[in-house]
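Coordinates as given in structure_34.txt (compact mmCIF, C-alpha atoms):
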# COMPACT_ATOMS: atom_id res chain seq x y z
CA MET D 179 104.03 110.47 120.12
CA PRO D 180 102.17 108.26 122.63
CA GLU D 181 101.51 104.60 122.00
CA ALA D 182 97.75 105.27 122.14
CA PHE D 183 95.74 107.85 120.24
CA TRP D 184 92.28 107.80 118.69
CA ILE D 185 91.21 105.40 121.45
CA SER D 186 87.63 105.59 120.19
CA SER D 187 88.65 103.93 116.90
CA GLY D 188 88.96 100.58 118.67
CA TYR D 189 92.35 100.01 117.04
CA ASP D 190 93.84 98.49 120.18
CA LEU D 191 91.11 95.84 120.17
CA LEU D 192 91.97 94.50 116.71
CA ASP D 193 94.11 91.52 115.81
CA ARG D 194 96.76 91.64 113.12
CA GLY D 195 97.04 88.88 110.57
CA ALA D 196 100.25 87.46 109.16
CA ASP D 197 99.65 89.59 106.05
CA GLY D 198 99.58 92.77 108.15
CA ARG D 199 95.84 93.27 107.71
CA LEU D 200 93.58 94.16 110.61
CA GLY D 201 91.68 91.17 111.94
CA VAL D 202 88.31 91.42 113.65
CA SER D 203 88.28 90.32 117.27
CA GLY D 204 85.50 89.58 119.71
CA ASP D 205 86.60 92.58 121.75
CA PHE D 206 86.23 94.87 118.72
CA ILE D 207 82.65 93.65 118.21
CA ARG D 208 81.96 93.90 121.92
CA ALA D 209 82.88 97.59 121.83
CA TYR D 210 79.90 98.23 119.52
CA LEU D 211 77.60 96.40 121.93
CA SER D 212 78.94 98.53 124.79
CA ARG D 213 77.87 101.76 123.11
CA PRO D 214 74.92 103.56 124.75
CA GLU D 215 72.89 103.18 121.54
CA MET D 216 73.01 99.39 121.88
CA ALA D 217 72.18 99.21 125.57
CA PRO D 218 68.66 97.92 126.28
CA PRO D 219 66.40 100.81 127.34
CA ASP D 220 64.48 100.72 130.60
CA GLU D 221 61.38 99.42 128.84
CA ALA D 222 63.23 96.61 127.03
CA CYS D 223 61.73 93.12 127.27
CA ASP D 224 63.52 90.23 128.95
CA ALA D 225 64.42 88.69 125.57
CA GLU D 226 66.20 91.86 124.47
CA ARG D 227 68.14 92.05 127.72
CA ALA D 228 69.08 88.40 127.45
CA LEU D 229 70.27 88.78 123.84
CA HIS D 230 72.37 91.82 124.68
CA ALA D 231 73.96 90.03 127.67
CA ALA D 232 74.64 86.92 125.60
CA LEU D 233 76.34 88.91 122.85
CA LEU D 234 78.44 90.83 125.36
CA ALA D 235 79.62 87.51 126.75
CA GLU D 236 80.25 85.99 123.31
CA PRO D 237 80.13 88.64 120.56
CA LEU D 238 80.73 86.18 117.72
CA GLN D 239 77.98 83.72 118.58
CA ALA D 240 75.30 82.90 116.02
CA VAL D 241 71.94 84.67 116.31
CA THR D 242 68.97 83.19 114.51
CA ALA D 243 65.87 84.81 113.07
CA ALA D 244 63.95 83.08 115.84
CA ASP D 245 66.15 84.78 118.43
CA LEU D 246 65.35 88.17 116.93
CA GLY D 247 61.69 87.29 116.67
CA ARG D 248 61.49 87.03 120.44
CA LEU D 249 62.21 90.74 120.84
CA ALA D 250 58.97 92.57 121.60
CA ASP D 251 60.04 95.93 120.17
CA PRO D 252 60.09 95.99 116.34
CA ASP D 253 62.67 98.81 116.38
CA ALA D 254 64.94 96.66 118.53
CA ARG D 255 64.55 93.75 116.11
CA GLU D 256 65.51 96.00 113.21
CA ASN D 257 68.49 97.53 115.04
CA TYR D 258 69.87 94.15 116.00
CA ALA D 259 69.36 92.85 112.46
CA ILE D 260 71.40 95.77 111.08
CA PHE D 261 74.14 95.29 113.66
CA LEU D 262 74.32 91.55 113.03
CA ARG D 263 74.54 92.06 109.26
CA PHE D 264 77.46 94.38 109.86
CA ARG D 265 79.10 91.99 112.32
CA ASP D 266 78.71 89.01 109.98
CA HIS D 267 80.11 91.07 107.11
CA LEU D 268 83.19 91.91 109.19
CA ILE D 269 83.72 88.26 110.11
CA SER D 270 83.19 86.86 106.62
CA SER D 271 85.46 89.49 105.03
CA GLY D 272 88.44 88.28 107.03
CA ASN D 273 89.90 91.70 107.80
CA LEU D 274 88.83 95.32 108.17
CA GLU D 275 90.31 96.44 104.89
CA ALA D 276 88.37 93.87 102.87
CA ALA D 277 85.24 94.59 104.90
CA TYR D 278 85.46 98.31 104.15
CA VAL D 279 85.95 97.81 100.42
CA GLY D 280 83.22 95.17 100.38
CA LEU D 281 80.65 97.63 101.68
CA PHE D 282 80.77 99.42 98.31
CA ARG D 283 80.38 96.40 96.08
CA PRO D 284 77.12 95.12 94.57
CA ASN D 285 74.85 93.30 97.04
CA ALA D 286 76.78 94.68 100.02
CA PRO D 287 74.86 94.86 103.29
CA ALA D 288 73.31 98.25 104.00
CA VAL D 289 74.83 99.68 107.16
CA PRO D 290 74.69 103.10 108.87
CA ALA D 291 77.29 105.67 107.86
CA MET D 292 78.57 105.64 111.44
CA PHE D 293 79.80 102.06 110.98
CA ILE D 294 81.57 102.97 107.73
CA ASP D 295 83.25 105.97 109.35
CA HIS D 296 84.37 103.83 112.26
CA LEU D 297 86.03 101.30 109.97
CA ALA D 298 87.81 104.12 108.15
CA ALA D 299 89.08 105.49 111.46
CA ALA D 300 90.48 102.12 112.54
CA ILE D 301 92.23 101.58 109.19
CA LEU D 302 93.67 105.09 109.21
CA ARG D 303 94.83 104.65 112.79
CA ASP D 304 96.92 101.71 111.61
CA LEU D 305 98.27 103.66 108.64
CA LEU D 306 99.45 106.40 110.99
CA GLU D 307 101.20 104.04 113.38
CA GLY D 308 104.81 105.11 113.84
CA ARG D 309 104.58 108.20 111.62
CA ASP D 310 104.73 110.73 114.47
CA ASN D 311 103.15 113.39 112.25
CA ALA D 312 100.34 115.32 113.91
CA PHE D 313 99.44 117.12 110.67
CA GLN D 314 98.84 113.83 108.89
CA ALA D 315 96.79 112.55 111.81
CA ARG D 316 94.65 115.68 111.87
CA ALA D 317 94.26 115.56 108.09
CA ALA D 318 93.19 111.92 108.35
CA GLU D 319 90.27 112.99 110.54
CA LEU D 320 88.71 114.46 107.38
CA PHE D 321 88.13 110.91 106.16
CA PHE D 322 85.64 110.10 108.92
CA ARG D 323 84.52 113.31 110.61
CA VAL D 324 82.54 116.22 109.14
CA GLN D 325 84.43 119.52 109.06
CA LYS D 326 83.21 123.10 109.44
CA VAL D 327 84.98 125.44 107.01
CA THR D 328 85.92 129.02 107.86
CA ILE D 329 87.66 131.37 105.43
CA GLN D 330 89.63 133.91 107.45
CA ASP D 331 92.16 136.42 106.10
CA SER D 332 92.85 134.22 103.06
CA ARG D 333 93.29 131.23 105.35
CA MET D 334 91.13 128.17 105.01
CA LEU D 335 90.45 126.68 108.42
CA LEU D 336 88.84 123.28 109.01
CA ALA D 337 87.36 122.55 112.41
CA ASP D 338 85.58 119.42 113.57
CA ASP D 339 81.89 120.09 113.04
CA GLU D 340 80.71 118.23 116.13
CA THR D 341 83.20 120.12 118.30
CA VAL D 342 82.11 123.43 116.79
CA GLU D 343 78.49 122.55 117.57
CA MET D 344 79.48 121.92 121.19
CA LEU D 345 81.25 125.26 121.25
CA SER D 346 78.29 127.06 119.73
CA ALA D 347 75.96 125.59 122.33
CA GLY D 348 78.35 126.62 125.08
CA ARG D 349 78.43 123.12 126.55
CA GLY D 350 81.50 123.07 128.74
CA PHE D 351 83.77 125.20 126.57
CA GLY D 352 83.41 128.62 128.13
CA SER D 353 81.65 131.80 127.07
CA LEU D 354 83.42 131.90 123.70
CA GLY D 355 81.65 128.71 122.72
CA ALA D 356 78.36 130.40 121.89
CA LEU D 357 80.10 132.70 119.41
CA VAL D 358 82.33 130.41 117.39
CA ALA D 359 79.76 128.94 115.00
CA GLN D 360 78.03 132.21 114.17
CA ALA D 361 78.33 133.30 110.56
CA GLY D 362 81.35 135.48 110.04
CA THR D 363 82.86 134.71 113.44
CA ALA D 364 86.43 133.49 113.09
CA LEU D 365 87.58 130.35 114.84
CA ARG D 366 89.94 131.40 117.60
CA ASN D 367 92.75 129.61 119.33
CA VAL D 368 91.29 129.88 122.82
CA ASP D 369 89.28 126.68 123.05
CA MET D 370 90.22 125.33 119.61
CA ASP D 371 93.86 125.73 118.64
CA ILE D 372 95.08 125.97 115.08
CA LEU D 373 97.58 123.16 114.64
CA THR D 374 101.15 124.46 114.34
CA LYS D 375 104.63 122.99 114.55
CA GLU D 376 104.88 124.41 118.05
CA ASN D 377 101.73 122.81 119.49
CA ALA D 378 101.76 119.66 117.33
CA PRO D 379 103.11 117.48 120.19
CA GLU D 380 99.92 118.26 122.13
CA TYR D 381 97.76 116.68 119.41
CA TRP D 382 98.24 113.08 120.54
CA ALA D 383 96.91 113.51 124.05
CA ARG D 384 93.95 115.52 122.72
CA SER D 385 93.29 113.36 119.65
CA ASP D 386 89.94 112.02 120.82
CA LYS D 387 88.70 115.53 121.62
CA HIS D 388 89.00 116.58 117.95
CA ASP D 389 89.63 120.15 119.03
CA PHE D 390 92.50 121.18 116.75
CA VAL D 391 91.80 123.37 113.72
CA LEU D 392 93.64 122.51 110.49
CA ASP D 393 94.95 125.27 108.24
CA PHE D 394 94.13 123.84 104.80
CA GLY D 395 95.20 126.64 102.50
CA PHE D 396 97.29 125.98 99.41
CA THR D 397 101.01 125.54 100.30
CA ARG D 398 100.03 124.99 103.94
CA ALA D 399 101.03 121.87 105.83
CA GLY D 400 97.43 120.66 105.94
CA GLN D 401 97.11 120.00 102.22
CA ASP D 402 100.46 118.25 101.98
CA ALA D 403 99.59 116.07 104.97
CA PHE D 404 96.24 115.21 103.41
CA ALA D 405 98.00 114.18 100.19
CA ARG D 406 100.26 111.80 102.11
CA VAL D 407 97.26 110.23 103.83
CA ILE D 408 95.54 109.70 100.47
CA GLU D 409 98.66 107.89 99.21
CA ALA D 410 98.66 105.53 102.18
CA TRP D 411 94.89 104.99 102.01
CA VAL D 412 94.87 104.12 98.31
CA GLU D 413 97.81 101.73 98.57
CA ARG D 414 96.40 99.90 101.58
CA LEU D 415 92.93 99.43 100.07
CA THR D 416 93.76 98.91 96.40
CA GLY D 417 97.39 97.82 96.35
CA ALA D 418 98.27 100.63 93.93
CA ALA D 419 101.14 102.95 94.86
CA VAL D 420 100.29 106.53 93.93
CA GLN D 421 101.79 109.98 94.25
CA VAL D 422 99.50 112.87 95.21
CA GLN D 423 100.24 116.59 95.05
CA PRO D 424 98.08 119.69 95.68
CA VAL D 425 97.41 121.86 92.62
CA GLN D 426 95.75 125.24 92.30
CA THR D 427 94.02 124.63 88.99
CA ILE D 428 93.55 121.87 86.45
CA ARG D 429 95.46 122.87 83.33
CA ASP D 430 95.41 119.69 81.31
CA GLU D 431 94.18 119.53 77.73
CA ARG D 432 94.00 115.75 78.13
CA TRP D 433 92.01 115.73 81.36
CA VAL D 434 90.57 112.24 81.22
CA TRP D 435 89.68 111.23 84.78
CA HIS D 436 88.64 112.91 87.99
CA ILE D 437 87.23 111.97 91.36
CA GLY D 438 85.14 114.21 93.58
CA LEU D 439 86.02 113.45 97.18
CA ASP D 440 82.56 114.58 98.26
CA THR D 441 79.16 115.05 96.65
CA THR D 442 79.55 118.78 96.02
CA ALA D 443 82.99 118.46 94.42
CA ASN D 444 81.81 115.57 92.29
CA THR D 445 78.96 117.65 90.87
CA ILE D 446 81.20 120.64 90.13
CA MET D 447 83.99 118.58 88.57
CA ASN D 448 81.54 116.67 86.38
CA ALA D 449 80.13 119.96 85.09
CA LEU D 450 83.59 121.39 84.36
CA TYR D 451 84.70 118.20 82.63
CA GLU D 452 81.63 118.31 80.42
CA GLY D 453 82.36 121.91 79.47
CA LYS D 454 79.36 123.32 81.31
CA SER D 455 79.35 126.74 82.93
CA VAL D 456 79.74 126.80 86.72
CA ASP D 457 78.78 130.04 88.46
CA GLU D 458 81.09 131.88 90.85
CA ASP D 459 79.12 130.91 93.94
CA HIS D 460 79.63 127.22 93.21
CA MET D 461 83.29 127.70 92.31
CA ARG D 462 83.85 129.38 95.67
CA GLN D 463 82.77 126.16 97.32
CA VAL D 464 85.81 124.36 95.92
CA LEU D 465 88.38 124.04 98.71
CA ALA D 466 91.26 122.11 97.16
CA LEU D 467 92.44 120.21 94.10
CA PHE D 468 94.98 117.41 93.89
CA ARG D 469 96.75 115.50 91.15
CA LEU D 470 97.12 111.75 91.62
CA ASP D 471 99.58 109.75 89.52
CA PHE D 472 100.05 105.99 89.52
CA ARG D 473 103.65 104.91 90.07
CA ASP D 474 102.89 101.88 87.88
CA PRO D 475 100.66 103.02 84.97
CA SER D 476 100.05 99.38 83.98
CA LEU D 477 97.65 99.17 86.91
CA MET D 478 95.38 101.72 85.20
CA LEU D 479 92.69 101.23 82.61
CA PRO D 480 94.49 101.08 79.26
CA ARG D 481 92.66 104.09 77.84
CA VAL D 482 93.91 106.37 80.65
CA ALA D 483 97.21 104.70 81.51
CA GLY D 484 99.90 107.24 82.28
CA ARG D 485 97.47 110.14 82.65
CA SER D 486 96.87 112.05 85.87
CA VAL D 487 93.74 111.63 87.97
CA TYR D 488 92.43 114.89 89.43
CA LEU D 489 90.83 115.02 92.85
CA GLY D 490 88.60 117.77 94.20
CA MET D 491 87.02 118.64 97.51
CA ALA D 492 84.34 121.24 98.21
CA MET D 493 82.13 122.44 101.03
CA ASP D 494 78.37 122.38 100.82
CA HIS D 495 76.10 125.43 101.06
CA HIS D 496 76.26 125.22 104.86
CA GLY D 497 80.04 125.51 104.90
CA LYS D 498 80.56 121.87 105.79
CA LEU D 499 82.89 119.30 104.27
CA ARG D 500 81.70 115.69 104.20
CA LEU D 501 84.27 113.52 102.50
CA LYS D 502 83.48 110.17 100.89
CA PRO D 503 86.87 108.43 101.06
CA GLN D 504 85.37 105.34 99.46
CA ASN D 505 85.46 107.28 96.19
CA LEU D 506 89.24 106.89 96.23
CA VAL D 507 88.70 103.15 96.10
CA VAL D 508 85.67 102.56 93.91
CA ASN D 509 86.26 105.37 91.39
CA LEU D 510 89.96 104.92 90.63
CA PRO D 511 90.64 103.92 87.00
CA LEU D 512 92.06 100.55 87.99
CA ASN D 513 92.63 97.86 85.41
CA ALA D 514 90.27 94.96 86.16
CA GLY D 515 93.26 92.64 86.27
CA SER D 516 95.25 94.69 88.74

Would you give me this structure, written as structure tokens?
Amino acid sequence: MPEAFWISSGYDLLDRGADGRLGVSGDFIRAYLSRPEMAPPDEACDAERALHAALLAEPLQAVTAADLGRLADPDARENYAIFLRFRDHLISSGNLEAAYVGLFRPNAPAVPAMFIDHLAAAILRDLLEGRDNAFQARAAELFFRVQKVTIQDSRMLLADDETVEMLSAGRGFGSLGALVAQAGTALRNVDMDILTKENAPEYWARSDKHDFVLDFGFTRAGQDAFARVIEAWVERLTGAAVQVQPVQTIRDERWVWHIGLDTTANTIMNALYEGKSVDEDHMRQVLALFRLDFRDPSLMLPRVAGRSVYLGMAMDHHGKLRLKPQNLVVNLPLNAGS
């Protein structure tokens, strides 16, 4: 396992506090400013160029409403206002973990999903440090990257959606690329390899390419790895130690709490919990179920203490999986005093 992987997460630019939390640095903020989306376009006014240069030199400096008002382009003013709200939220939160959780509290600043995904990637990168488990690292990508689902010979394969789109457009991935994303065409291990024990050591050097396919079928290594990542994620962001296991069905007469890990799963699980009929087409969208148990039930709401929490994930009608890992934080039945 190399010292560096997921370079794009910006993990190496973060500070670490005495409490082990991830501290925001000027270099981490500067990385956002260095993205092509933030670079002044050719038609940018002098004020916009000056502001961008000033922030690159000192990413944490104060920017006033008057400074933004000098930008001629209203879209540029809005973009900088969004970025600065995000930056100030990171700084005021004290660490990345608190900043991430704070984005889902009342009166939180509205920020693009890309920023939220990036924070998740940086936090997960820290959680994976020293684990040397390529399956857990690949499973962790589900938290911040959309997946394309393919069902092949009873196998459930998850491939990075953006990478599949590149393959389907044939941009630099050979002639097979134009075929991979077609309906009914199986993902093949020519340009995208299915992650196995044998090729797992190759994952680290290729981690930023997101070109490994994860076998996510029940009893496969992918689901177990995903469960371990959930455990680490929940404990880091809530302080609650939990145990997570894949299950095939929910057979619990006292089913009292569930969390959909994405919008589709949430809708289906709500309907099932309420005793409503769910047609076969919707049920086929369900990809996996998990049981989560608190190691210390006193941390749970009294009315559900000691009961299991069921988790579900499902693909949408386009065969894509878009997880909302924040649901594991904001929807857990945590006692207000815990």

Rank D:Gln401, D:Asn505, D:Ser346, D:Ser455 by their smallest atom-to-atom distance to Ile437 of chain D, using all atoms listed in the file, and report the top residue only.
D:Asn505

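We find atom CA of Ala419 of chain D and atom CA of Phe472 of chain D to be spaced 6.2 Å apart.
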
List the neighbours of segment 332-334 of chain D out to 10 Å using all atoms listed in the file; skip same-chain residues closer than 2 positions along the sequence, and give me the result as a PyMOL selection string.
chain D and resi 327-330+336+391-396+398+400+465-466

Would you put the residues from that selection into a file with C-alpha atoms, as a PDB file, in the frame of the given file?
ATOM      1  CA  VAL D 327      84.980 125.440 107.010  1.00  0.00           C
ATOM      2  CA  THR D 328      85.920 129.020 107.860  1.00  0.00           C
ATOM      3  CA  ILE D 329      87.660 131.370 105.430  1.00  0.00           C
ATOM      4  CA  GLN D 330      89.630 133.910 107.450  1.00  0.00           C
ATOM      5  CA  LEU D 336      88.840 123.280 109.010  1.00  0.00           C
ATOM      6  CA  VAL D 391      91.800 123.370 113.720  1.00  0.00           C
ATOM      7  CA  LEU D 392      93.640 122.510 110.490  1.00  0.00           C
ATOM      8  CA  ASP D 393      94.950 125.270 108.240  1.00  0.00           C
ATOM      9  CA  PHE D 394      94.130 123.840 104.800  1.00  0.00           C
ATOM     10  CA  GLY D 395      95.200 126.640 102.500  1.00  0.00           C
ATOM     11  CA  PHE D 396      97.290 125.980  99.410  1.00  0.00           C
ATOM     12  CA  ARG D 398     100.030 124.990 103.940  1.00  0.00           C
ATOM     13  CA  GLY D 400      97.430 120.660 105.940  1.00  0.00           C
ATOM     14  CA  LEU D 465      88.380 124.040  98.710  1.00  0.00           C
ATOM     15  CA  ALA D 466      91.260 122.110  97.160  1.00  0.00           C
TER      16      ALA D 466
END

So what do you get for atom CA of Pro218 of chain D versus atom CA of Gly204 of chain D, distance-wise?
19.9 Å

Name the residues in contact with Leu306 of chain D at a cut-off of 9 Å, using all atoms listed in the file, excluding same-chain residues fewer than 5 positions from it; report them as JSON, numbers by chain.
{"D": [301, 311, 314, 315, 318, 407, 410]}

Selection near Thr442 of chain D, 8 Å with only C-alpha atoms, sequence-local residues under 5 positions removed, as a list in words
Met491, Ala492, Met493 and Asp494 of chain D

Selection near Gly484 of chain D, 12 Å with all atoms listed in the file, sequence-local residues under 6 positions removed, as an MDAnalysis selection string:
chainID D and resid 420 432:435 470:478 511:512

May I have the selected residues written with C-alpha atoms, as a compact mmCIF listing (two decimals), in the frame of the given file?
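As written to disk, out_3.txt reads:
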# COMPACT_ATOMS: atom_id res chain seq x y z
CA VAL D 420 100.29 106.53 93.93
CA ARG D 432 94.00 115.75 78.13
CA TRP D 433 92.01 115.73 81.36
CA VAL D 434 90.57 112.24 81.22
CA TRP D 435 89.68 111.23 84.78
CA LEU D 470 97.12 111.75 91.62
CA ASP D 471 99.58 109.75 89.52
CA PHE D 472 100.05 105.99 89.52
CA ARG D 473 103.65 104.91 90.07
CA ASP D 474 102.89 101.88 87.88
CA PRO D 475 100.66 103.02 84.97
CA SER D 476 100.05 99.38 83.98
CA LEU D 477 97.65 99.17 86.91
CA MET D 478 95.38 101.72 85.20
CA PRO D 511 90.64 103.92 87.00
CA LEU D 512 92.06 100.55 87.99

Rank nothing, just name the residue among D:Asn257, D:Asn509, D:Gln504, D:Ser486 nearest to Leu281 of chain D, using all atoms listed in the file.
D:Gln504

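Shortest atom-to-atom contact with Glu409 of chain D among D:Pro503, D:Gly453, D:Gly490, D:Pro219: D:Pro503, counting only C-alpha atoms.
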
So how many Å separate atom CA of Leu262 of chain D and atom CA of Leu305 of chain D, to one decimal?
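Going from atom CA of Leu262 of chain D over to atom CA of Leu305 of chain D covers 27.2 Å.
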
Of the residues D:Arg414, D:Arg248, D:Arg500, D:Arg462, which is the one nearest to Ala222 of chain D, using all atoms listed in the file?
D:Arg248

At a cut-off of 6 Å, using only C-alpha atoms, what residues contact segment 374-386 of chain D? Leave out same-chain residues fewer than 3 positions from it and give the result as a PDB file with C-alpha atoms, in the coordinates of the input.
ATOM      1  CA  PHE D 183      95.740 107.850 120.240  1.00  0.00           C
ATOM      2  CA  TRP D 184      92.280 107.800 118.690  1.00  0.00           C
ATOM      3  CA  ALA D 312     100.340 115.320 113.910  1.00  0.00           C
TER       4      ALA D 312
END

For Asp440 of chain D, the nearest of the candidates D:Pro424, D:Ile408, D:Lys502, D:His388, counting only C-alpha atoms:
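Ranking D:Pro424, D:Ile408, D:Lys502, D:His388 by distance to Asp440 of chain D, first place goes to D:Lys502.
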
Please, what is the axis-aligned box for every listed atom of segment 225-233 of chain D with 5 Å on each side, as centre and edge lengths in Å to one decimal, as AutoDock Vina command-line options?
--center_x 70.4 --center_y 89.5 --center_z 125.3 --size_x 21.9 --size_y 15.1 --size_z 14.9

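Nearest to Ile207 of chain D of all the residues D:Ala250, D:Val507, D:Leu268, D:Leu450 is D:Leu268, counting all atoms listed in the file.
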